[in-house]
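Shown next: final.json, containing JSON, C-alpha atoms and all ligand atoms.
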[["chain", "number", "residue", "atom", "x", "y", "z"],
["A", 1, "MET", "CA", -51.84, -65.90, -20.64],
["A", 2, "ASP", "CA", -49.09, -66.49, -18.07],
["A", 3, "TYR", "CA", -47.24, -63.20, -18.50],
["A", 4, "GLN", "CA", -44.99, -63.72, -15.47],
["A", 5, "ALA", "CA", -43.73, -67.02, -16.91],
["A", 6, "ILE", "CA", -43.00, -65.25, -20.19],
["A", 7, "LEU", "CA", -41.17, -62.41, -18.43],
["A", 8, "ASN", "CA", -39.14, -64.98, -16.49],
["A", 9, "ILE", "CA", -38.10, -66.65, -19.75],
["A", 10, "ILE", "CA", -37.12, -63.27, -21.19],
["A", 11, "GLN", "CA", -35.08, -62.35, -18.11],
["A", 12, "LYS", "CA", -33.18, -65.63, -18.34],
["A", 13, "GLU", "CA", -32.71, -65.45, -22.09],
["A", 14, "PHE", "CA", -31.42, -61.88, -22.33],
["A", 15, "LYS", "CA", -28.55, -60.92, -20.07],
["A", 16, "PRO", "CA", -27.22, -57.41, -20.64],
["A", 17, "ASN", "CA", -23.54, -57.35, -21.60],
["A", 18, "ARG", "CA", -21.29, -54.44, -22.44],
["A", 19, "ASP", "CA", -20.93, -55.39, -26.12],
["A", 20, "MET", "CA", -24.51, -54.30, -26.74],
["A", 21, "GLY", "CA", -23.65, -50.61, -27.06],
["A", 22, "ASN", "CA", -22.98, -47.59, -24.90],
["A", 23, "ALA", "CA", -25.18, -45.49, -22.68],
["A", 24, "ALA", "CA", -25.84, -42.07, -24.26],
["A", 25, "ASN", "CA", -22.70, -39.99, -23.84],
["A", 26, "TYR", "CA", -23.64, -36.77, -25.61],
["A", 27, "ILE", "CA", -25.51, -35.93, -22.39],
["A", 28, "PRO", "CA", -22.61, -36.54, -19.95],
["A", 29, "GLU", "CA", -24.87, -37.11, -16.96],
["A", 30, "LEU", "CA", -26.53, -40.09, -18.74],
["A", 31, "SER", "CA", -23.19, -41.80, -19.31],
["A", 32, "LYS", "CA", -22.84, -42.17, -15.52],
["A", 33, "VAL", "CA", -25.69, -44.69, -15.40],
["A", 34, "ASP", "CA", -24.71, -48.35, -14.93],
["A", 35, "PRO", "CA", -25.07, -49.81, -18.48],
["A", 36, "LEU", "CA", -25.99, -53.24, -17.10],
["A", 37, "LYS", "CA", -29.26, -52.09, -15.52],
["A", 38, "PHE", "CA", -32.15, -54.13, -16.87],
["A", 39, "GLY", "CA", -35.80, -54.04, -15.87],
["A", 40, "MET", "CA", -39.24, -54.70, -17.28],
["A", 41, "TYR", "CA", -42.79, -54.00, -16.11],
["A", 42, "LEU", "CA", -46.05, -55.02, -17.82],
["A", 43, "TYR", "CA", -49.53, -53.95, -16.74],
["A", 44, "CYS", "CA", -52.71, -55.49, -18.13],
["A", 45, "LYS", "CA", -56.06, -53.79, -18.55],
["A", 46, "ASP", "CA", -57.53, -56.17, -15.95],
["A", 47, "GLY", "CA", -55.20, -54.67, -13.30],
["A", 48, "SER", "CA", -52.66, -57.50, -13.11],
["A", 49, "SER", "CA", -48.97, -56.63, -13.33],
["A", 50, "TYR", "CA", -45.70, -58.47, -13.96],
["A", 51, "GLN", "CA", -42.08, -57.41, -13.63],
["A", 52, "PHE", "CA", -38.43, -58.30, -13.21],
["A", 53, "GLY", "CA", -35.05, -56.74, -12.48],
["A", 54, "ASP", "CA", -34.59, -53.00, -12.07],
["A", 55, "SER", "CA", -38.23, -52.20, -12.77],
["A", 56, "GLN", "CA", -38.49, -49.99, -9.66],
["A", 57, "GLU", "CA", -35.45, -47.83, -10.34],
["A", 58, "LYS", "CA", -35.87, -44.38, -11.82],
["A", 59, "PHE", "CA", -34.17, -43.47, -15.08],
["A", 60, "SER", "CA", -34.23, -40.51, -17.44],
["A", 61, "ILE", "CA", -37.25, -40.87, -19.72],
["A", 62, "GLN", "CA", -35.80, -38.47, -22.34],
["A", 63, "SER", "CA", -37.81, -38.68, -25.58],
["A", 64, "ILE", "CA", -40.55, -40.80, -24.06],
["A", 65, "SER", "CA", -41.67, -37.46, -22.59],
["A", 66, "LYS", "CA", -42.56, -36.37, -26.12],
["A", 67, "VAL", "CA", -45.67, -38.55, -25.95],
["A", 68, "PHE", "CA", -46.85, -36.75, -22.81],
["A", 69, "THR", "CA", -46.24, -33.27, -24.21],
["A", 70, "LEU", "CA", -47.94, -34.19, -27.49],
["A", 71, "THR", "CA", -50.95, -35.51, -25.58],
["A", 72, "LEU", "CA", -51.24, -32.29, -23.57],
["A", 73, "ALA", "CA", -50.72, -30.03, -26.59],
["A", 74, "LYS", "CA", -53.28, -31.94, -28.64],
["A", 75, "GLU", "CA", -55.84, -31.52, -25.87],
["A", 76, "LEU", "CA", -55.14, -27.80, -25.52],
["A", 77, "LEU", "CA", -54.73, -26.82, -29.17],
["A", 78, "GLY", "CA", -56.65, -29.40, -31.17],
["A", 79, "LYS", "CA", -56.14, -29.32, -34.94],
["A", 80, "ASP", "CA", -54.23, -26.03, -34.86],
["A", 81, "LEU", "CA", -51.17, -27.94, -33.70],
["A", 82, "TRP", "CA", -50.91, -29.69, -37.07],
["A", 83, "LYS", "CA", -50.34, -26.38, -38.85],
["A", 84, "ARG", "CA", -46.92, -26.28, -37.19],
["A", 85, "VAL", "CA", -45.82, -29.93, -37.17],
["A", 86, "ASP", "CA", -46.53, -32.82, -39.54],
["A", 87, "VAL", "CA", -47.21, -36.53, -38.90],
["A", 88, "GLU", "CA", -44.85, -38.19, -41.40],
["A", 89, "PRO", "CA", -42.03, -40.57, -40.47],
["A", 90, "SER", "CA", -38.69, -38.80, -40.80],
["A", 91, "GLY", "CA", -36.29, -41.57, -41.78],
["A", 92, "THR", "CA", -33.55, -39.45, -40.21],
["A", 93, "ALA", "CA", -31.88, -39.21, -36.81],
["A", 94, "PHE", "CA", -33.76, -37.74, -33.87],
["A", 95, "ASN", "CA", -31.71, -34.56, -33.87],
["A", 96, "SER", "CA", -31.44, -34.07, -37.62],
["A", 97, "LEU", "CA", -31.49, -30.61, -39.17],
["A", 98, "THR", "CA", -31.58, -31.72, -42.78],
["A", 99, "GLU", "CA", -35.28, -31.80, -43.69],
["A", 100, "LEU", "CA", -36.10, -28.63, -41.81],
["A", 101, "GLU", "CA", -34.64, -26.46, -44.54],
["A", 102, "ARG", "CA", -36.35, -28.38, -47.32],
["A", 103, "GLU", "CA", -39.66, -28.33, -45.48],
["A", 104, "HIS", "CA", -39.62, -24.66, -44.49],
["A", 105, "GLY", "CA", -39.24, -25.11, -40.74],
["A", 106, "ILE", "CA", -42.22, -27.48, -40.32],
["A", 107, "PRO", "CA", -40.86, -30.59, -38.55],
["A", 108, "ARG", "CA", -41.80, -33.98, -39.96],
["A", 109, "ASN", "CA", -43.45, -35.23, -36.76],
["A", 110, "PRO", "CA", -43.80, -34.44, -33.03],
["A", 111, "PHE", "CA", -41.34, -37.16, -31.94],
["A", 112, "ILE", "CA", -38.17, -35.91, -33.62],
["A", 113, "ASN", "CA", -36.44, -33.22, -31.56],
["A", 114, "ALA", "CA", -37.52, -30.38, -33.87],
["A", 115, "GLY", "CA", -41.16, -31.48, -33.67],
["A", 116, "SER", "CA", -41.13, -31.85, -29.93],
["A", 117, "ILE", "CA", -39.55, -28.42, -29.59],
["A", 118, "VAL", "CA", -42.46, -26.94, -31.57],
["A", 119, "VAL", "CA", -44.86, -28.79, -29.24],
["A", 120, "ALA", "CA", -42.91, -27.37, -26.27],
["A", 121, "ASP", "CA", -43.23, -23.87, -27.73],
["A", 122, "ALA", "CA", -47.00, -24.34, -28.15],
["A", 123, "LEU", "CA", -47.31, -25.52, -24.53],
["A", 124, "MET", "CA", -45.23, -22.59, -23.27],
["A", 125, "SER", "CA", -47.64, -20.18, -24.95],
["A", 126, "THR", "CA", -50.70, -21.93, -23.50],
["A", 127, "LEU", "CA", -49.91, -23.21, -20.02],
["A", 128, "GLU", "CA", -49.63, -20.96, -16.99],
["A", 129, "ASN", "CA", -46.75, -22.89, -15.35],
["A", 130, "PRO", "CA", -45.49, -25.16, -18.15],
["A", 131, "LYS", "CA", -42.99, -27.21, -16.13],
["A", 132, "GLN", "CA", -45.24, -27.71, -13.11],
["A", 133, "ASP", "CA", -48.33, -28.34, -15.27],
["A", 134, "LEU", "CA", -46.47, -31.05, -17.19],
["A", 135, "LEU", "CA", -45.32, -32.75, -13.98],
["A", 136, "LYS", "CA", -48.86, -32.58, -12.63],
["A", 137, "PHE", "CA", -50.20, -34.25, -15.79],
["A", 138, "VAL", "CA", -47.64, -37.08, -15.72],
["A", 139, "ARG", "CA", -48.17, -37.65, -11.97],
["A", 140, "LYS", "CA", -51.90, -37.87, -12.55],
["A", 141, "LEU", "CA", -51.53, -40.36, -15.41],
["A", 142, "CYS", "CA", -49.57, -42.83, -13.31],
["A", 143, "GLY", "CA", -51.36, -42.08, -10.04],
["A", 144, "ASP", "CA", -48.07, -41.31, -8.28],
["A", 145, "ASP", "CA", -46.84, -37.92, -7.04],
["A", 146, "ASN", "CA", -43.28, -39.15, -6.66],
["A", 147, "ILE", "CA", -42.17, -37.94, -10.11],
["A", 148, "ASN", "CA", -39.76, -35.08, -10.65],
["A", 149, "PHE", "CA", -37.27, -33.51, -13.00],
["A", 150, "ASP", "CA", -33.67, -34.62, -12.61],
["A", 151, "GLU", "CA", -32.00, -31.21, -12.41],
["A", 152, "SER", "CA", -28.51, -32.61, -12.97],
["A", 153, "VAL", "CA", -29.60, -34.25, -16.25],
["A", 154, "ALA", "CA", -31.40, -31.08, -17.41],
["A", 155, "LYS", "CA", -28.33, -29.00, -16.58],
["A", 156, "SER", "CA", -26.00, -31.45, -18.30],
["A", 157, "GLU", "CA", -28.05, -31.40, -21.50],
["A", 158, "LYS", "CA", -28.34, -27.61, -21.41],
["A", 159, "LYS", "CA", -24.58, -27.31, -21.26],
["A", 160, "HIS", "CA", -24.07, -29.52, -24.33],
["A", 161, "GLY", "CA", -27.30, -28.96, -26.27],
["A", 162, "TYR", "CA", -25.83, -27.09, -29.25],
["A", 163, "ARG", "CA", -27.82, -29.04, -31.80],
["A", 164, "ASN", "CA", -31.15, -28.47, -30.11],
["A", 165, "LYS", "CA", -30.31, -24.79, -29.86],
["A", 166, "ALA", "CA", -29.60, -24.78, -33.59],
["A", 167, "LEU", "CA", -32.97, -26.44, -34.25],
["A", 168, "VAL", "CA", -34.87, -23.81, -32.21],
["A", 169, "ASN", "CA", -33.03, -20.90, -33.79],
["A", 170, "TYR", "CA", -33.48, -22.24, -37.30],
["A", 171, "MET", "CA", -37.22, -22.74, -36.82],
["A", 172, "LYS", "CA", -37.45, -19.32, -35.18],
["A", 173, "SER", "CA", -35.87, -17.74, -38.23],
["A", 174, "LEU", "CA", -38.66, -19.32, -40.30],
["A", 175, "GLY", "CA", -41.43, -18.13, -37.97],
["A", 176, "ASN", "CA", -42.36, -21.47, -36.36],
["A", 177, "ILE", "CA", -41.22, -20.58, -32.82],
["A", 178, "ASN", "CA", -42.85, -17.87, -30.70],
["A", 179, "ASN", "CA", -41.05, -17.98, -27.36],
["A", 180, "LYS", "CA", -37.45, -17.17, -26.50],
["A", 181, "THR", "CA", -34.88, -19.81, -27.45],
["A", 182, "GLU", "CA", -33.55, -20.10, -23.89],
["A", 183, "THR", "CA", -37.00, -20.48, -22.31],
["A", 184, "ILE", "CA", -38.10, -23.19, -24.73],
["A", 185, "LEU", "CA", -34.87, -25.11, -24.30],
["A", 186, "ASP", "CA", -35.20, -24.88, -20.52],
["A", 187, "PHE", "CA", -38.66, -26.45, -20.76],
["A", 188, "TYR", "CA", -37.59, -29.05, -23.34],
["A", 189, "PHE", "CA", -34.50, -30.16, -21.40],
["A", 190, "HIS", "CA", -36.59, -30.43, -18.25],
["A", 191, "GLN", "CA", -39.30, -32.54, -19.92],
["A", 192, "CYS", "CA", -36.57, -34.90, -21.16],
["A", 193, "SER", "CA", -35.01, -35.08, -17.68],
["A", 194, "ILE", "CA", -38.13, -36.45, -15.96],
["A", 195, "ALA", "CA", -37.09, -39.52, -13.98],
["A", 196, "MET", "CA", -39.51, -42.45, -13.77],
["A", 197, "THR", "CA", -39.47, -46.17, -13.08],
["A", 198, "CYS", "CA", -40.63, -48.85, -15.52],
["A", 199, "GLU", "CA", -43.72, -49.24, -13.33],
["A", 200, "GLN", "CA", -44.60, -45.53, -13.39],
["A", 201, "LEU", "CA", -44.10, -45.26, -17.16],
["A", 202, "THR", "CA", -46.14, -48.36, -17.86],
["A", 203, "LYS", "CA", -49.04, -47.15, -15.72],
["A", 204, "ALA", "CA", -48.99, -43.72, -17.39],
["A", 205, "PHE", "CA", -49.02, -45.34, -20.84],
["A", 206, "MET", "CA", -52.08, -47.41, -19.96],
["A", 207, "LEU", "CA", -53.91, -44.29, -21.17],
["A", 208, "TYR", "CA", -53.05, -45.41, -24.72],
["A", 209, "ALA", "CA", -53.98, -49.05, -24.05],
["A", 210, "ASN", "CA", -57.23, -48.24, -22.29],
["A", 211, "GLU", "CA", -59.13, -46.02, -24.78],
["A", 212, "GLY", "CA", -57.91, -42.81, -23.14],
["A", 213, "LYS", "CA", -59.06, -43.81, -19.65],
["A", 214, "HIS", "CA", -56.95, -43.61, -16.49],
["A", 215, "PHE", "CA", -55.66, -47.10, -15.60],
["A", 216, "GLN", "CA", -56.92, -46.85, -12.00],
["A", 217, "THR", "CA", -59.86, -44.46, -11.79],
["A", 218, "GLN", "CA", -61.14, -45.20, -15.33],
["A", 219, "GLU", "CA", -61.67, -41.44, -15.75],
["A", 220, "GLN", "CA", -61.80, -40.53, -19.45],
["A", 221, "VAL", "CA", -58.65, -38.34, -19.67],
["A", 222, "ILE", "CA", -58.51, -38.04, -23.47],
["A", 223, "ALA", "CA", -60.93, -39.10, -26.21],
["A", 224, "PRO", "CA", -60.52, -42.55, -27.83],
["A", 225, "GLN", "CA", -60.02, -40.68, -31.11],
["A", 226, "SER", "CA", -56.91, -38.99, -29.65],
["A", 227, "VAL", "CA", -55.58, -42.40, -28.60],
["A", 228, "LYS", "CA", -55.97, -43.60, -32.18],
["A", 229, "ARG", "CA", -53.99, -40.61, -33.44],
["A", 230, "ILE", "CA", -51.20, -40.80, -30.85],
["A", 231, "ASN", "CA", -50.76, -44.57, -31.17],
["A", 232, "SER", "CA", -50.54, -44.16, -34.95],
["A", 233, "ILE", "CA", -47.79, -41.59, -34.60],
["A", 234, "MET", "CA", -45.95, -43.85, -32.13],
["A", 235, "GLN", "CA", -46.24, -46.71, -34.63],
["A", 236, "THR", "CA", -44.80, -44.72, -37.54],
["A", 237, "CYS", "CA", -42.48, -42.25, -35.81],
["A", 238, "GLY", "CA", -41.67, -43.56, -32.31],
["A", 239, "PHE", "CA", -38.17, -44.81, -33.10],
["A", 240, "TYR", "CA", -36.78, -42.17, -35.47],
["A", 241, "ASP", "CA", -35.00, -43.81, -38.40],
["A", 242, "GLU", "CA", -35.60, -47.23, -36.85],
["A", 243, "ALA", "CA", -39.40, -46.92, -36.69],
["A", 244, "GLY", "CA", -39.81, -49.41, -39.54],
["A", 245, "GLU", "CA", -37.48, -51.88, -37.85],
["A", 246, "PHE", "CA", -39.29, -51.67, -34.50],
["A", 247, "SER", "CA", -42.66, -52.03, -36.21],
["A", 248, "TYR", "CA", -41.41, -55.02, -38.21],
["A", 249, "ARG", "CA", -39.86, -56.78, -35.24],
["A", 250, "VAL", "CA", -42.29, -55.92, -32.45],
["A", 251, "GLY", "CA", -45.57, -55.01, -34.13],
["A", 252, "LEU", "CA", -46.72, -52.54, -31.47],
["A", 253, "PRO", "CA", -46.82, -48.75, -31.17],
["A", 254, "GLY", "CA", -44.10, -47.51, -28.84],
["A", 255, "LYS", "CA", -41.65, -44.80, -27.92],
["A", 256, "SER", "CA", -37.99, -44.88, -27.02],
["A", 257, "GLY", "CA", -35.68, -42.47, -25.21],
["A", 258, "VAL", "CA", -31.90, -42.15, -25.08],
["A", 259, "GLY", "CA", -32.04, -42.96, -21.36],
["A", 260, "GLY", "CA", -32.54, -46.56, -22.57],
["A", 261, "GLY", "CA", -36.25, -46.86, -21.91],
["A", 262, "ILE", "CA", -38.82, -48.17, -24.38],
["A", 263, "VAL", "CA", -42.56, -48.18, -23.73],
["A", 264, "ALA", "CA", -44.91, -50.14, -25.98],
["A", 265, "VAL", "CA", -48.66, -50.41, -25.99],
["A", 266, "HIS", "CA", -51.01, -53.18, -27.01],
["A", 267, "PRO", "CA", -54.37, -51.39, -27.37],
["A", 268, "GLU", "CA", -57.06, -53.02, -25.23],
["A", 269, "GLN", "CA", -54.52, -55.37, -23.62],
["A", 270, "TYR", "CA", -51.45, -53.96, -21.90],
["A", 271, "ALA", "CA", -48.66, -51.41, -21.68],
["A", 272, "VAL", "CA", -45.07, -52.48, -21.08],
["A", 273, "THR", "CA", -41.74, -50.78, -20.36],
["A", 274, "VAL", "CA", -38.23, -52.15, -20.74],
["A", 275, "TRP", "CA", -35.15, -50.33, -19.51],
["A", 276, "SER", "CA", -31.60, -51.14, -20.58],
["A", 277, "PRO", "CA", -29.30, -48.11, -21.06],
["A", 278, "MET", "CA", -27.05, -49.49, -23.83],
["A", 279, "LEU", "CA", -28.08, -47.88, -27.09],
["A", 280, "ASN", "CA", -27.72, -49.10, -30.66],
["A", 281, "LYS", "CA", -26.47, -46.81, -33.43],
["A", 282, "LYS", "CA", -29.91, -45.24, -33.90],
["A", 283, "GLY", "CA", -30.19, -44.24, -30.25],
["A", 284, "ASN", "CA", -32.67, -46.94, -29.22],
["A", 285, "SER", "CA", -32.11, -49.44, -26.40],
["A", 286, "ALA", "CA", -30.46, -52.44, -28.09],
["A", 287, "LEU", "CA", -31.68, -54.95, -25.53],
["A", 288, "GLY", "CA", -35.08, -53.27, -25.21],
["A", 289, "MET", "CA", -35.79, -53.88, -28.91],
["A", 290, "LYS", "CA", -34.86, -57.57, -28.58],
["A", 291, "VAL", "CA", -36.92, -58.06, -25.43],
["A", 292, "LEU", "CA", -40.07, -56.56, -26.90],
["A", 293, "GLU", "CA", -39.66, -58.61, -30.06],
["A", 294, "GLU", "CA", -39.49, -61.71, -27.90],
["A", 295, "LEU", "CA", -42.52, -60.61, -25.86],
["A", 296, "THR", "CA", -44.79, -60.34, -28.90],
["A", 297, "THR", "CA", -43.34, -63.58, -30.31],
["A", 298, "LEU", "CA", -43.88, -65.59, -27.11],
["A", 299, "THR", "CA", -47.34, -64.16, -26.41],
["A", 300, "GLY", "CA", -48.35, -64.35, -30.07],
["A", 301, "LEU", "CA", -49.96, -60.95, -29.48],
["A", 302, "SER", "CA", -49.17, -57.95, -31.60],
["A", 303, "ILE", "CA", -51.53, -55.54, -33.32],
["A", 304, "PHE", "CA", -50.96, -57.24, -36.66],
["A", 401, "LIG", "N1", -33.03, -34.95, -24.74],
["A", 401, "LIG", "C1", -32.61, -35.73, -25.90],
["A", 401, "LIG", "C2", -32.23, -34.79, -27.01],
["A", 401, "LIG", "O1", -32.90, -33.80, -27.20],
["A", 401, "LIG", "C3", -33.72, -36.65, -26.29],
["A", 401, "LIG", "C4", -33.35, -37.59, -27.39],
["A", 401, "LIG", "C5", -33.99, -38.96, -27.28],
["A", 401, "LIG", "O2", -34.32, -39.44, -26.20],
["A", 401, "LIG", "O3", -34.17, -39.57, -28.33],
["A", 401, "LIG", "O4", -31.28, -34.99, -27.72]]
Would you mind writing the structure in this file as structure tokens?
Ligand code: GLU
Amino acid sequence: MDYQAILNIIQKEFKPNRDMGNAANYIPELSKVDPLKFGMYLYCKDGSSYQFGDSQEKFSIQSISKVFTLTLAKELLGKDLWKRVDVEPSGTAFNSLTELEREHGIPRNPFINAGSIVVADALMSTLENPKQDLLKFVRKLCGDDNINFDESVAKSEKKHGYRNKALVNYMKSLGNINNKTETILDFYFHQCSIAMTCEQLTKAFMLYANEGKHFQTQEQVIAPQSVKRINSIMQTCGFYDEAGEFSYRVGLPGKSGVGGGIVAVHPEQYAVTVWSPMLNKKGNSALGMKVLEELTTLTGLSIF
């Protein structure tokens, strides 16, 4: 497969233009990013890699971080985690409060904000230095120590994060949160603020394309069974109320973030990241969705 030729076709075919949507503005710091940024990076299990555009520029990974925190929490807590968060698609927006009341404070899945906040709470109770331990884990996955929180993004979200605060407090009132609201939010906003390039994200996500093994060292980081579980949740819940649409169009498990990044995984083949900050109405990168649809169409490779 000539992946570079396919990426070149995609780069030519899809030019970002301002009609595609807006960069996230409910986190003011994210609205400062140039909306026309566009990059892609694909890494194959055989070690070959392909890229174009702004693939080496760092951006805010936002909800893509939820895959890393889930992976860590699953390793540390095993099945106990599922007593506090479910694995059903939500069909509602990422920051929705509606089902929480109906479902007694148990979030639908670990990739909506409420679910990821429960995961954050579980990690806070288990890890010695939650923020540093998370960074250490992500750095290890992509074999690169040059990964950090973007303090200005974390601060910006903290200042405007009324909805996330409401989610924590509501779940706390129903007994599904153990730590202090402020401490959990500090951890959650920091995990979302991690800045990474398309290359770094892709390499980290090779874990889910390579049976739980590190892309470089081949160390078994998590069990293949965990990969099956996490990829399944990405497939059904990775794009909030657009998870069905992404699955239908792209046919791969993946995860988006409001920083405009999308990572997708083809088990046993490759991981790929696209970054374009303009979001559609559901909060997913408008161009990113199109590009990944074209990738699986041109390669003829999806999991279905
Ligand atoms: N930090 C964002 C929030 O909590 C993440 C949302 C996203 O990337 O989907 O609202």
Handout entry: Expected selection as a PyMOL selection string for ligand LIG 401 (chain A) within 6 Å, all atoms listed in the file
Key = chain A and resi 62-63+94+113+192+257-258
Handout entry: Polymer residues at most 7 Å from A:Lys282, all atoms listed in the file, same-chain spacing of 2 or more positions, as a PyMOL selection string
Key = chain A and resi 93+241-242+280+284
Contact residues around A:Ile262 with all atoms listed in the file at 9 Å, ignoring same-chain residues under 2 positions, as a PDB file with C-alpha atoms, in the frame of the given file:
ATOM      1  CA  ILE A  61     -37.250 -40.870 -19.720  1.00  0.00           C
ATOM      2  CA  ILE A  64     -40.550 -40.800 -24.060  1.00  0.00           C
ATOM      3  CA  GLY A 254     -44.100 -47.510 -28.840  1.00  0.00           C
ATOM      4  CA  LYS A 255     -41.650 -44.800 -27.920  1.00  0.00           C
ATOM      5  CA  SER A 256     -37.990 -44.880 -27.020  1.00  0.00           C
ATOM      6  CA  GLY A 257     -35.680 -42.470 -25.210  1.00  0.00           C
ATOM      7  CA  GLY A 260     -32.540 -46.560 -22.570  1.00  0.00           C
ATOM      8  CA  ALA A 264     -44.910 -50.140 -25.980  1.00  0.00           C
ATOM      9  CA  VAL A 272     -45.070 -52.480 -21.080  1.00  0.00           C
ATOM     10  CA  THR A 273     -41.740 -50.780 -20.360  1.00  0.00           C
ATOM     11  CA  VAL A 274     -38.230 -52.150 -20.740  1.00  0.00           C
ATOM     12  CA  TRP A 275     -35.150 -50.330 -19.510  1.00  0.00           C
ATOM     13  CA  SER A 276     -31.600 -51.140 -20.580  1.00  0.00           C
ATOM     14  CA  ASN A 284     -32.670 -46.940 -29.220  1.00  0.00           C
ATOM     15  CA  SER A 285     -32.110 -49.440 -26.400  1.00  0.00           C
ATOM     16  CA  GLY A 288     -35.080 -53.270 -25.210  1.00  0.00           C
ATOM     17  CA  MET A 289     -35.790 -53.880 -28.910  1.00  0.00           C
ATOM     18  CA  LEU A 292     -40.070 -56.560 -26.900  1.00  0.00           C
TER      19      LEU A 292
END
Problem - Selection: 9 Å around stretch 18-22 of chain A, all atoms listed in the file, excl. self and same-chain fewer than 6 positions, as JSON, numbers by chain - result: {"A": [31, 35, 36, 277, 278, 279, 280, 281, 285, 286, 287]}
Residue selection dump (C-alpha atoms) as a PDB file, in the coordinates of the input:
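The resulting file, again12.pdb, is shown below:
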ATOM      1  CA  SER A  31     -23.190 -41.800 -19.310  1.00  0.00           C
ATOM      2  CA  PRO A  35     -25.070 -49.810 -18.480  1.00  0.00           C
ATOM      3  CA  LEU A  36     -25.990 -53.240 -17.100  1.00  0.00           C
ATOM      4  CA  PRO A 277     -29.300 -48.110 -21.060  1.00  0.00           C
ATOM      5  CA  MET A 278     -27.050 -49.490 -23.830  1.00  0.00           C
ATOM      6  CA  LEU A 279     -28.080 -47.880 -27.090  1.00  0.00           C
ATOM      7  CA  ASN A 280     -27.720 -49.100 -30.660  1.00  0.00           C
ATOM      8  CA  LYS A 281     -26.470 -46.810 -33.430  1.00  0.00           C
ATOM      9  CA  SER A 285     -32.110 -49.440 -26.400  1.00  0.00           C
ATOM     10  CA  ALA A 286     -30.460 -52.440 -28.090  1.00  0.00           C
ATOM     11  CA  LEU A 287     -31.680 -54.950 -25.530  1.00  0.00           C
TER      12      LEU A 287
END
Practice task
Might you pull out every residue within 9 Å of A:Gln51, with all atoms listed in the file counted and same-chain residues fewer than 6 positions away left off, and present them as JSON, numbers by chain?
Solution key: {"A": [4, 7, 8, 39, 40, 41, 42, 43, 198, 199]}
Exercise for the section: Check the smallest atom-to-atom distance from each of A:Val33, A:Ile27, A:Val265, A:Ile117 to A:Asn176 using only C-alpha atoms, then report the winner. Expected result: A:Ile117
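Computed from the coordinates, the atom CA of A:Lys83 to atom CA of A:Leu185 distance equals 21.3 Å.
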Fill in the blank from the handout: A:Lys180 proximity check over A:Ala73, A:Ile230, A:Met124, A:Leu135, using all atoms listed in the file: winner is A:Met124
Within 12 Å of stretch 221-228 of chain A: each stretch 257-285 of chain A residue with its shortest pair, all atoms listed in the file, as CSV:
residue,atom,partner,partner_atom,distance
A:Val265,CA,A:Val227,CA,10.9
A:His266,CA,A:Val227,CA,11.8
A:Pro267,CA,A:Val227,CA,9.2
A:Glu268,CA,A:Val227,CA,11.2
Mind checking which residues fall within 10 Å of stretch 159-166 of chain A, counting all atoms listed in the file, ignoring those fewer than 4 positions away in the same chain, and posting them as a tab-separated table (two decimals) with C-alpha atoms, in the coordinates of the input?
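What landed in selection07.tsv:
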chain	number	residue	atom	x	y	z
A	26	TYR	CA	-23.64	-36.77	-25.61
A	27	ILE	CA	-25.51	-35.93	-22.39
A	28	PRO	CA	-22.61	-36.54	-19.95
A	95	ASN	CA	-31.71	-34.56	-33.87
A	96	SER	CA	-31.44	-34.07	-37.62
A	97	LEU	CA	-31.49	-30.61	-39.17
A	113	ASN	CA	-36.44	-33.22	-31.56
A	114	ALA	CA	-37.52	-30.38	-33.87
A	117	ILE	CA	-39.55	-28.42	-29.59
A	153	VAL	CA	-29.60	-34.25	-16.25
A	154	ALA	CA	-31.40	-31.08	-17.41
A	155	LYS	CA	-28.33	-29.00	-16.58
A	170	TYR	CA	-33.48	-22.24	-37.30
A	171	MET	CA	-37.22	-22.74	-36.82
A	172	LYS	CA	-37.45	-19.32	-35.18
A	181	THR	CA	-34.88	-19.81	-27.45
A	182	GLU	CA	-33.55	-20.10	-23.89
A	184	ILE	CA	-38.10	-23.19	-24.73
A	185	LEU	CA	-34.87	-25.11	-24.30
A	188	TYR	CA	-37.59	-29.05	-23.34
A	189	PHE	CA	-34.50	-30.16	-21.40
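Between atom CA of A:Gly212 and atom CA of A:Ala195 the interatomic distance comes to 23.0 Å.
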Practice task
State, in Å with one decimal place, the distance from atom CA of A:Gln200 to atom CA of A:Cys142.
Solution key: 5.7 Å
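In terms of minimum interatomic distance to A:Ala209, A:Asp46 ranks closest within A:Asp46, A:Glu13, A:Glu75, A:Asp2, counting all atoms listed in the file.
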Problem - Protein and nucleic acid residues near (-37.1, -25.9, -44.5) (cut-off 12 Å, only C-alpha atoms) as a ChimeraX atom specification - result: /A:97-108,114,167,170-176
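In this comparison, which uses only C-alpha atoms, the residue of A:Ser116, A:Thr92, A:Gln235, A:Thr69 approaching A:Gly283 most closely is A:Thr92.
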Exercise for the section: In the coordinate frame of the file, compute which residues have an atom within 6 Å of (-31.7, -54.5, -13.8) when using all atoms listed in the file, and state them as JSON, numbers by chain. Expected result: {"A": [37, 38, 39, 53, 54]}
